[in-house]
$ cat input.txt   # compact mmCIF, C-alpha atoms and all ligand atoms
# COMPACT_ATOMS: atom_id res chain seq x y z
CA MET A 1 0.00 0.00 0.00
CA THR A 2 1.34 3.46 -0.93
CA GLN A 3 1.45 6.27 1.62
CA THR A 4 -0.73 9.24 0.73
CA ARG A 5 1.09 12.49 0.12
CA ILE A 6 -1.16 15.41 -0.74
CA ALA A 7 0.18 18.39 -2.66
CA ILE A 8 -1.56 21.73 -2.77
CA ILE A 9 -0.57 24.02 -5.62
CA GLY A 10 -1.56 27.44 -4.36
CA GLY A 11 -2.75 29.95 -6.91
CA SER A 12 -2.94 33.73 -6.87
CA GLY A 13 -3.20 35.02 -3.31
CA ILE A 14 -2.11 31.71 -1.73
CA TYR A 15 1.62 31.69 -1.05
CA ASP A 16 1.79 29.69 2.18
CA ILE A 17 -0.25 27.29 4.31
CA ASP A 18 -0.16 27.05 8.06
CA GLY A 19 -0.66 24.27 10.58
CA LEU A 20 1.83 21.72 9.17
CA GLU A 21 3.83 19.65 11.66
CA ASP A 22 7.59 19.41 10.94
CA ALA A 23 7.18 22.17 8.35
CA ALA A 24 10.22 22.94 6.20
CA TRP A 25 10.70 24.74 2.88
CA GLN A 26 12.69 22.34 0.68
CA GLN A 27 14.62 23.15 -2.47
CA VAL A 28 13.94 20.48 -5.10
CA GLU A 29 15.99 20.24 -8.28
CA THR A 30 14.54 18.73 -11.44
CA PRO A 31 15.72 17.96 -14.99
CA TRP A 32 13.24 20.61 -16.12
CA GLY A 33 14.80 23.43 -14.10
CA ALA A 34 13.72 25.00 -10.84
CA PRO A 35 10.10 24.84 -9.64
CA SER A 36 8.19 28.08 -8.99
CA ASP A 37 9.62 28.18 -5.45
CA HIS A 38 10.87 25.94 -2.67
CA ILE A 39 8.24 23.44 -1.55
CA LEU A 40 6.78 23.49 1.94
CA THR A 41 6.62 19.94 3.28
CA GLY A 42 5.24 18.59 6.55
CA ARG A 43 2.42 16.52 8.01
CA LEU A 44 -1.21 17.21 8.75
CA GLU A 45 -2.99 14.66 10.97
CA GLY A 46 -0.28 12.11 10.12
CA VAL A 47 -0.62 12.57 6.36
CA GLY A 48 2.34 13.80 4.29
CA MET A 49 1.75 17.21 2.71
CA ALA A 50 3.54 19.40 0.19
CA PHE A 51 2.65 22.97 -0.70
CA LEU A 52 3.93 24.84 -3.76
CA PRO A 53 2.98 28.45 -4.53
CA ARG A 54 2.41 28.37 -8.31
CA HIS A 55 3.50 31.97 -8.87
CA GLY A 56 6.26 31.82 -6.23
CA ARG A 57 6.28 33.76 -2.96
CA GLY A 58 5.93 37.42 -3.89
CA HIS A 59 4.08 36.41 -7.11
CA VAL A 60 7.03 36.47 -9.49
CA HIS A 61 5.84 34.03 -12.20
CA ALA A 62 3.27 35.11 -14.81
CA PRO A 63 0.74 32.46 -15.97
CA GLY A 64 2.71 31.91 -19.19
CA SER A 65 6.08 31.57 -17.47
CA VAL A 66 5.21 29.29 -14.55
CA PRO A 67 7.65 26.32 -14.77
CA TYR A 68 4.84 23.77 -14.99
CA ARG A 69 7.05 20.78 -15.85
CA ALA A 70 9.49 21.46 -13.01
CA ASN A 71 6.58 21.90 -10.59
CA ILE A 72 4.93 18.56 -11.40
CA ASP A 73 8.27 16.71 -11.61
CA ALA A 74 9.30 18.11 -8.20
CA LEU A 75 6.05 16.99 -6.59
CA LYS A 76 6.41 13.50 -8.10
CA ARG A 77 10.01 13.38 -6.88
CA LEU A 78 8.78 14.15 -3.34
CA GLY A 79 6.45 11.14 -3.44
CA VAL A 80 3.23 13.09 -3.94
CA THR A 81 0.22 10.95 -4.88
CA ASP A 82 -2.57 13.53 -5.09
CA VAL A 83 -2.41 17.10 -6.41
CA ILE A 84 -5.03 19.70 -5.56
CA SER A 85 -4.63 22.73 -7.70
CA VAL A 86 -6.24 25.89 -6.34
CA SER A 87 -6.99 28.59 -8.87
CA ALA A 88 -8.57 32.04 -8.82
CA CYS A 89 -11.16 32.04 -11.60
CA GLY A 90 -13.73 34.16 -13.32
CA SER A 91 -17.26 32.73 -13.65
CA PHE A 92 -19.48 32.39 -16.71
CA ARG A 93 -22.49 31.29 -14.66
CA GLU A 94 -24.73 33.50 -12.54
CA ALA A 95 -25.06 30.70 -9.96
CA MET A 96 -21.27 30.32 -9.59
CA ALA A 97 -20.85 33.53 -7.67
CA PRO A 98 -17.73 35.26 -6.33
CA GLY A 99 -16.77 33.47 -3.11
CA ASP A 100 -18.09 30.10 -4.33
CA PHE A 101 -15.79 27.14 -5.06
CA VAL A 102 -16.15 24.94 -8.16
CA ILE A 103 -14.69 21.43 -8.33
CA VAL A 104 -13.72 21.51 -11.98
CA ASP A 105 -13.93 18.29 -14.04
CA GLN A 106 -13.19 19.41 -17.62
CA PHE A 107 -10.86 21.82 -19.39
CA ILE A 108 -10.66 23.66 -22.69
CA ASP A 109 -7.02 24.50 -23.40
CA ARG A 110 -6.52 27.84 -25.14
CA THR A 111 -2.95 28.36 -23.93
CA VAL A 112 -0.19 28.76 -26.51
CA GLY A 113 3.56 28.26 -26.48
CA ARG A 114 3.81 26.57 -23.07
CA ALA A 115 5.82 23.35 -22.74
CA ALA A 116 2.90 20.96 -22.36
CA SER A 117 4.49 17.50 -22.21
CA PHE A 118 7.35 15.63 -20.54
CA PHE A 119 7.55 13.47 -23.65
CA GLY A 120 8.77 14.26 -27.17
CA PRO A 121 11.45 13.22 -29.65
CA GLY A 122 13.33 10.22 -28.21
CA CYS A 123 10.40 9.02 -26.12
CA VAL A 124 6.90 9.60 -27.48
CA ALA A 125 3.83 9.01 -25.32
CA HIS A 126 0.11 9.73 -25.61
CA VAL A 127 -2.01 9.69 -22.43
CA SER A 128 -5.79 9.98 -22.32
CA MET A 129 -7.20 13.34 -21.25
CA ALA A 130 -10.87 12.41 -21.74
CA HIS A 131 -11.40 12.61 -17.98
CA PRO A 132 -8.65 14.99 -16.86
CA THR A 133 -9.47 15.13 -13.16
CA CYS A 134 -9.68 12.37 -10.55
CA PRO A 135 -13.24 11.74 -9.26
CA ARG A 136 -11.92 10.26 -5.98
CA LEU A 137 -9.96 13.44 -5.31
CA GLY A 138 -12.93 15.52 -6.50
CA ASP A 139 -15.12 13.73 -3.92
CA ALA A 140 -12.63 14.58 -1.17
CA CYS A 141 -12.50 18.26 -2.24
CA GLU A 142 -16.29 18.48 -2.45
CA ASN A 143 -16.79 16.86 0.96
CA ALA A 144 -14.05 19.00 2.53
CA ALA A 145 -15.67 22.14 1.14
CA ARG A 146 -19.15 21.12 2.33
CA ASP A 147 -17.82 20.25 5.81
CA ALA A 148 -16.14 23.66 5.93
CA GLY A 149 -19.41 25.40 5.01
CA ILE A 150 -18.12 26.64 1.66
CA PRO A 151 -20.66 27.15 -1.16
CA VAL A 152 -19.40 24.52 -3.62
CA HIS A 153 -20.44 23.36 -7.10
CA ARG A 154 -19.46 19.88 -8.30
CA GLY A 155 -18.41 19.79 -11.94
CA GLY A 156 -17.56 22.55 -14.34
CA THR A 157 -15.51 23.27 -17.43
CA TYR A 158 -12.43 25.49 -16.96
CA LEU A 159 -11.34 27.53 -19.95
CA ALA A 160 -7.57 27.96 -19.69
CA MET A 161 -6.62 31.16 -21.52
CA GLU A 162 -3.10 32.36 -22.23
CA GLY A 163 -3.37 35.78 -20.57
CA PRO A 164 -1.92 37.70 -18.87
CA GLN A 165 -4.54 40.15 -20.17
CA PHE A 166 -8.15 39.33 -19.33
CA SER A 167 -10.61 38.36 -22.11
CA THR A 168 -12.37 40.75 -24.44
CA LEU A 169 -16.14 40.98 -24.12
CA ALA A 170 -16.53 39.04 -27.39
CA GLU A 171 -14.27 36.24 -26.12
CA SER A 172 -16.05 36.14 -22.79
CA ARG A 173 -19.44 35.76 -24.51
CA MET A 174 -18.09 33.12 -26.89
CA TYR A 175 -16.56 30.99 -24.13
CA ARG A 176 -19.80 31.18 -22.13
CA GLU A 177 -22.49 30.91 -24.81
CA ALA A 178 -20.94 28.95 -27.70
CA TRP A 179 -18.29 26.87 -25.92
CA GLY A 180 -20.18 26.12 -22.70
CA ALA A 181 -17.30 26.96 -20.37
CA ASP A 182 -18.22 27.58 -16.72
CA VAL A 183 -15.07 29.20 -15.31
CA ILE A 184 -11.97 30.87 -16.72
CA GLY A 185 -8.39 31.01 -15.51
CA MET A 186 -4.84 31.09 -16.88
CA THR A 187 -2.98 28.26 -15.20
CA ALA A 188 -4.69 24.85 -15.08
CA MET A 189 -3.18 24.00 -18.46
CA PRO A 190 -0.72 22.48 -19.08
CA GLU A 191 -0.63 21.63 -15.35
CA ALA A 192 -3.45 19.06 -15.64
CA LYS A 193 -1.86 17.41 -18.71
CA LEU A 194 1.49 17.12 -16.96
CA ALA A 195 -0.07 15.70 -13.80
CA ARG A 196 -1.73 12.99 -15.91
CA GLU A 197 1.57 12.18 -17.64
CA ALA A 198 3.20 11.94 -14.21
CA GLU A 199 0.44 9.52 -13.09
CA LEU A 200 -0.76 11.84 -10.34
CA CYS A 201 -4.37 12.14 -9.24
CA TYR A 202 -5.30 15.76 -9.97
CA ALA A 203 -8.22 18.00 -9.07
CA THR A 204 -8.77 21.71 -9.61
CA VAL A 205 -10.60 23.81 -7.06
CA ALA A 206 -11.67 27.05 -8.72
CA MET A 207 -12.18 29.90 -6.25
CA ILE A 208 -14.55 32.29 -8.02
CA THR A 209 -13.40 35.88 -7.83
CA ASP A 210 -15.42 37.66 -10.55
CA TYR A 211 -17.85 37.35 -13.47
CA ASP A 212 -15.21 37.99 -16.14
CA SER A 213 -16.63 40.63 -18.51
CA TRP A 214 -19.87 39.07 -19.86
CA HIS A 215 -22.18 39.97 -16.98
CA PRO A 216 -24.34 43.03 -17.76
CA ASP A 217 -24.47 44.05 -14.08
CA HIS A 218 -20.76 43.65 -13.31
CA GLY A 219 -18.71 45.38 -16.00
CA ALA A 220 -15.08 44.56 -16.73
CA VAL A 221 -12.81 42.37 -14.59
CA ASP A 222 -11.06 44.39 -11.96
CA ILE A 223 -7.87 43.05 -10.37
CA THR A 224 -8.52 45.05 -7.18
CA GLN A 225 -11.86 43.30 -6.76
CA ILE A 226 -10.23 39.91 -7.50
CA VAL A 227 -7.59 40.43 -4.83
CA ALA A 228 -10.22 41.60 -2.32
CA THR A 229 -12.34 38.49 -3.00
CA LEU A 230 -9.29 36.24 -2.71
CA THR A 231 -8.26 37.79 0.60
CA GLY A 232 -11.81 37.39 1.88
CA ASN A 233 -11.74 33.69 0.92
CA ALA A 234 -8.38 32.76 2.43
CA ASP A 235 -10.04 31.17 5.49
CA LYS A 236 -12.29 29.06 3.28
CA GLY A 237 -9.27 27.70 1.42
CA ARG A 238 -7.56 26.91 4.72
CA GLY A 239 -10.71 25.17 5.96
CA LEU A 240 -10.84 22.96 2.86
CA VAL A 241 -7.15 21.97 3.09
CA ALA A 242 -7.41 21.18 6.80
CA ARG A 243 -10.14 18.58 6.14
CA LEU A 244 -8.40 16.73 3.30
CA PRO A 245 -6.06 14.45 5.32
CA ALA A 246 -8.94 12.88 7.28
CA LEU A 247 -10.86 12.31 4.04
CA LEU A 248 -7.98 10.82 2.06
CA GLY A 249 -6.30 8.84 4.87
CA THR A 250 -2.67 7.82 5.33
CA ASP A 251 -2.76 4.63 3.23
CA ARG A 252 -3.63 4.99 -0.40
CA ALA A 253 -5.22 2.19 -2.42
CA PRO A 254 -4.62 2.23 -6.20
CA CYS A 255 -6.70 4.92 -7.89
CA PRO A 256 -10.05 3.36 -8.93
CA HIS A 257 -9.98 5.61 -12.00
CA GLY A 258 -6.48 4.58 -13.09
CA CYS A 259 -4.77 7.98 -12.72
CA ASP A 260 -1.73 6.26 -11.17
CA ARG A 261 -1.46 3.89 -14.16
CA ALA A 262 -1.93 6.45 -16.95
CA LEU A 263 1.33 5.43 -18.66
CA ASP A 264 0.56 1.70 -18.77
CA HIS A 265 0.01 1.69 -22.54
CA ALA A 266 1.01 5.25 -23.43
CA ILE A 267 4.64 5.04 -24.57
CA LEU A 268 4.97 4.33 -28.30
CA THR A 269 8.70 4.56 -28.84
CA ALA A 270 10.24 1.10 -29.04
CA PRO A 271 12.66 0.34 -26.15
CA GLY A 272 15.61 0.08 -28.57
CA ALA A 273 14.77 3.42 -30.21
CA ARG A 274 14.56 5.49 -27.03
CA ASP A 275 17.04 8.32 -26.47
CA ALA A 276 19.13 7.76 -23.32
CA GLN A 277 19.29 11.46 -22.39
CA VAL A 278 15.54 11.88 -22.78
CA MET A 279 14.95 8.75 -20.73
CA ALA A 280 17.18 10.07 -17.92
CA ARG A 281 14.99 13.19 -17.64
CA LEU A 282 11.92 10.99 -17.21
CA ASP A 283 13.23 9.17 -14.15
CA ALA A 284 10.74 10.61 -11.67
CA VAL A 285 7.74 11.12 -13.93
CA ALA A 286 7.79 7.81 -15.78
CA GLY A 287 10.20 5.68 -13.73
CA ARG A 288 7.41 3.19 -12.93
CA VAL A 289 7.13 2.08 -16.56
CA LEU A 290 10.64 2.71 -17.91
C1 LIG B 1 -5.13 37.35 -9.96
S1 LIG B 1 -6.07 37.31 -11.42
C2 LIG B 1 -5.28 36.38 -12.69
C3 LIG B 1 -4.46 35.24 -12.27
O1 LIG B 1 -5.10 34.55 -11.19
C4 LIG B 1 -5.23 33.20 -11.53
O2 LIG B 1 -4.05 32.53 -11.10
P1 LIG B 1 -4.08 31.10 -10.41
O3 LIG B 1 -4.78 30.19 -11.37
O4 LIG B 1 -2.66 30.73 -10.20
O5 LIG B 1 -4.87 31.27 -9.11
C5 LIG B 1 -5.37 33.24 -13.04
O6 LIG B 1 -5.19 31.96 -13.61
C6 LIG B 1 -4.36 34.26 -13.42
O7 LIG B 1 -3.06 33.73 -13.47
N1 LIG B 2 -11.81 36.65 -15.26
C1 LIG B 2 -10.68 35.95 -15.20
N2 LIG B 2 -10.05 35.54 -16.32
C2 LIG B 2 -8.92 34.82 -16.25
N3 LIG B 2 -8.31 34.49 -15.10
C3 LIG B 2 -8.89 34.88 -13.96
N4 LIG B 2 -8.55 34.69 -12.68
C4 LIG B 2 -9.47 35.27 -11.92
N5 LIG B 2 -10.42 35.87 -12.67
C5 LIG B 2 -10.09 35.62 -13.96
$ encode --input "input.txt" --output "structure tokens" --more "lines below"
Ligand SMILES: CSC[C@H]1O[C@H](OP(=O)(O)O)[C@H](O)[C@@H]1O
Ligand SMILES: Nc1ncnc2[nH]cnc12
Amino acid sequence: MTQTRIAIIGGSGIYDIDGLEDAAWQQVETPWGAPSDHILTGRLEGVGMAFLPRHGRGHVHAPGSVPYRANIDALKRLGVTDVISVSACGSFREAMAPGDFVIVDQFIDRTVGRAASFFGPGCVAHVSMAHPTCPRLGDACENAARDAGIPVHRGGTYLAMEGPQFSTLAESRMYREAWGADVIGMTAMPEAKLAREAELCYATVAMITDYDSWHPDHGAVDITQIVATLTGNADKGRGLVARLPALLGTDRAPCPHGCDRALDHAILTAPGARDAQVMARLDAVAGRVL
């Protein structure tokens, strides 16, 4: 039986978590460069935890320059089994109001130019992204949010835009009306793709901060309002995280949805045709099958 290790990737406004026993910020090196920051490790109710601020402490990484591959590799290297990605998001639905949380289950990837795979020439792999988030982890996030009294919606499609500018009104209407997206952010892709390649269970918790620009009563997105909403929701985020260890437990059975076996039939490059240098970089991410 594997030991559970829960990672929280903190989004905008979340640069630290408190309450960890044996807390220490650890520097982790990866073949993909340095992660966004050192990683805070420790234990919560006997369960191993790791916290990584996606934009770095002080918010130094823009959505397009977050080192997504290094971040996921570093978490895998630390023995993480489950990744909960927390993201400040705009909402395309009246009912998903600022202050609410949405447990996202689908993504539309509109990012461009970000390194979106650990694989490539020398070792080619294709994983399924049909169901990009882990329902078991989604259950834990939903239950943790409900226990903490947070208004939570289960299921939603996250439109990942490139940014850093917010959407035009025409884009906002298109994403909402024609594409059926529910929330919008700038960072869940390629993070979710990389987590799947690294065989990690992954869930996104969208913290709604605004109505983007489509809503006739709310006008354009305003970063001041976003930050105020985020600050006001910090306790909710803490409440959700605090409940996760009890819900996930210390011993982790294989994922019933197969997230931890995503590479079983994914690698196409014949063993004799694989590039040794490329293979060396995949030691943490794909070591189980290489
Ligand atoms: C602070 S508004 C825009 C910024 O916030 C979100 O970041 P994260 O997903 O890391 O919480 C959004 O994706 C943008 O990067
Ligand atoms: N409206 C919005 N668009 C993109 N990212 C966001 N993060 C928070 N609000 C957002």
$ atom_distance --input "input.txt" --atom1 "CA of Thr81 (chain A)" --atom2 "CA of Arg243 (chain A)"
16.9 Å
$ residues_near_ligand --input "input.txt" --ligand "ligand LIG 1 (chain B)" --cutoff "7 Å" --atoms "all atoms listed in the file" --output "list in words"
Gly10, Gly11, Ser12, Arg54, His55, Ala62, Pro63, Val86, Ser87, Ala88, Cys89, Pro164, Gly185, Met186, Thr187, Ala188, Ile223, Ile226 and Val227 of chain A
$ residues_around --input "input.txt" --residues "Ala284 (chain A)" --least-positions-apart "4" --cutoff "7 Å" --atoms "all atoms listed in the file" --output "count of residues only"
3
$ residues_around --input "input.txt" --residues "Ala262 (chain A)" --least-positions-apart "5" --cutoff "9 Å" --atoms "only C-alpha atoms" --output "ChimeraX atom specification"
/A:127-128,196-200
$ residues_around --input "input.txt" --residues "Trp25 (chain A)" --least-positions-apart "4" --cutoff "8 Å" --atoms "only C-alpha atoms" --output "count of residues only"
4
$ closest_residue --input "input.txt" --among "A:His218, A:Arg274, A:His265, A:His257" --to "ligand LIG 2 (chain B)" --atoms "only C-alpha atoms and all ligand atoms"
A:His218
$ residues_around --input "input.txt" --residues "Leu282 (chain A)" --least-positions-apart "2" --cutoff "12 Å" --atoms "all atoms listed in the file" --output "ChimeraX atom specification"
/A:30-32,69-70,72-74,76-77,117-120,122-125,197-198,267,274-280,284-290
$ write_last_selection --input "input.txt" --atoms "C-alpha atoms" --output "PDB file, in the coordinates of the input"
ATOM      1  CA  THR A  30      14.540  18.730 -11.440  1.00  0.00           C
ATOM      2  CA  PRO A  31      15.720  17.960 -14.990  1.00  0.00           C
ATOM      3  CA  TRP A  32      13.240  20.610 -16.120  1.00  0.00           C
ATOM      4  CA  ARG A  69       7.050  20.780 -15.850  1.00  0.00           C
ATOM      5  CA  ALA A  70       9.490  21.460 -13.010  1.00  0.00           C
ATOM      6  CA  ILE A  72       4.930  18.560 -11.400  1.00  0.00           C
ATOM      7  CA  ASP A  73       8.270  16.710 -11.610  1.00  0.00           C
ATOM      8  CA  ALA A  74       9.300  18.110  -8.200  1.00  0.00           C
ATOM      9  CA  LYS A  76       6.410  13.500  -8.100  1.00  0.00           C
ATOM     10  CA  ARG A  77      10.010  13.380  -6.880  1.00  0.00           C
ATOM     11  CA  SER A 117       4.490  17.500 -22.210  1.00  0.00           C
ATOM     12  CA  PHE A 118       7.350  15.630 -20.540  1.00  0.00           C
ATOM     13  CA  PHE A 119       7.550  13.470 -23.650  1.00  0.00           C
ATOM     14  CA  GLY A 120       8.770  14.260 -27.170  1.00  0.00           C
ATOM     15  CA  GLY A 122      13.330  10.220 -28.210  1.00  0.00           C
ATOM     16  CA  CYS A 123      10.400   9.020 -26.120  1.00  0.00           C
ATOM     17  CA  VAL A 124       6.900   9.600 -27.480  1.00  0.00           C
ATOM     18  CA  ALA A 125       3.830   9.010 -25.320  1.00  0.00           C
ATOM     19  CA  GLU A 197       1.570  12.180 -17.640  1.00  0.00           C
ATOM     20  CA  ALA A 198       3.200  11.940 -14.210  1.00  0.00           C
ATOM     21  CA  ILE A 267       4.640   5.040 -24.570  1.00  0.00           C
ATOM     22  CA  ARG A 274      14.560   5.490 -27.030  1.00  0.00           C
ATOM     23  CA  ASP A 275      17.040   8.320 -26.470  1.00  0.00           C
ATOM     24  CA  ALA A 276      19.130   7.760 -23.320  1.00  0.00           C
ATOM     25  CA  GLN A 277      19.290  11.460 -22.390  1.00  0.00           C
ATOM     26  CA  VAL A 278      15.540  11.880 -22.780  1.00  0.00           C
ATOM     27  CA  MET A 279      14.950   8.750 -20.730  1.00  0.00           C
ATOM     28  CA  ALA A 280      17.180  10.070 -17.920  1.00  0.00           C
ATOM     29  CA  ALA A 284      10.740  10.610 -11.670  1.00  0.00           C
ATOM     30  CA  VAL A 285       7.740  11.120 -13.930  1.00  0.00           C
ATOM     31  CA  ALA A 286       7.790   7.810 -15.780  1.00  0.00           C
ATOM     32  CA  GLY A 287      10.200   5.680 -13.730  1.00  0.00           C
ATOM     33  CA  ARG A 288       7.410   3.190 -12.930  1.00  0.00           C
ATOM     34  CA  VAL A 289       7.130   2.080 -16.560  1.00  0.00           C
ATOM     35  CA  LEU A 290      10.640   2.710 -17.910  1.00  0.00           C
TER      36      LEU A 290
END
$ closest_residue --input "input.txt" --among "A:Arg146, A:Arg176, A:Lys236, A:Arg261" --to "ligand LIG 2 (chain B)" --atoms "only C-alpha atoms and all ligand atoms"
A:Arg176
$ residues_around --input "input.txt" --residues "Ala234 (chain A)" --least-positions-apart "4" --cutoff "10 Å" --atoms "only C-alpha atoms" --output "list in words"
Gly13, Ile14, Ile17, Met207, Thr229, Leu230, Arg238 and Gly239 of chain A
$ closest_residue --input "input.txt" --among "A:Leu137, A:Leu78, A:Ala50, A:Ile184" --to "Asp210 (chain A)" --atoms "only C-alpha atoms"
A:Ile184
$ closest_residue --input "input.txt" --among "A:Asp235, A:Asp18, A:Asp212, A:Asp109" --to "ligand LIG 2 (chain B)" --atoms "only C-alpha atoms and all ligand atoms"
A:Asp212
$ closest_residue --input "input.txt" --among "A:Pro67, A:Pro135, A:Pro245, A:Gly113" --to "Glu191 (chain A)" --atoms "all atoms listed in the file"
A:Pro67
$ closest_residue --input "input.txt" --among "A:Val112, A:Cys141, A:Val221, A:Ile150" --to "Phe166 (chain A)" --atoms "all atoms listed in the file"
A:Val221
$ atom_distance --input "input.txt" --atom1 "CA of Ala206 (chain A)" --atom2 "CA of Ser91 (chain A)"
9.4 Å
$ atom_distance --input "input.txt" --atom1 "CA of Ala195 (chain A)" --atom2 "CA of Arg114 (chain A)"
14.8 Å
$ axis_aligned_box --input "input.txt" --around "ligand LIG 2 (chain B)" --padding-each-side "4 Å" --output "JSON"
{"center_x": -10.1, "center_y": 35.6, "center_z": -14.1, "size_x": 11.5, "size_y": 10.2, "size_z": 12.4}
$ residues_near_point --input "input.txt" --point "(-17.4, 18.7, 5.5)" --cutoff "12 Å" --atoms "all atoms listed in the file" --output "list of chain:residue names"
A:Asp139, A:Ala140, A:Cys141, A:Glu142, A:Asn143, A:Ala144, A:Ala145, A:Arg146, A:Asp147, A:Ala148, A:Gly149, A:Ile150, A:Pro151, A:Val152, A:Lys236, A:Gly239, A:Leu240, A:Val241, A:Ala242, A:Arg243, A:Leu244, A:Ala246, A:Leu247
$ decode --input "input.txt" --residues "region 167-178 of chain A" --atoms "C-alpha atoms" --output "CSV table (one decimal), in the first residue's frame"
chain,number,residue,atom,x,y,z
A,167,SER,CA,-10.6,38.4,-22.1
A,168,THR,CA,-12.4,40.8,-24.4
A,169,LEU,CA,-16.1,41.0,-24.1
A,170,ALA,CA,-16.5,39.0,-27.4
A,171,GLU,CA,-14.3,36.2,-26.1
A,172,SER,CA,-16.1,36.1,-22.8
A,173,ARG,CA,-19.4,35.8,-24.5
A,174,MET,CA,-18.1,33.1,-26.9
A,175,TYR,CA,-16.6,31.0,-24.1
A,176,ARG,CA,-19.8,31.2,-22.1
A,177,GLU,CA,-22.5,30.9,-24.8
A,178,ALA,CA,-20.9,28.9,-27.7
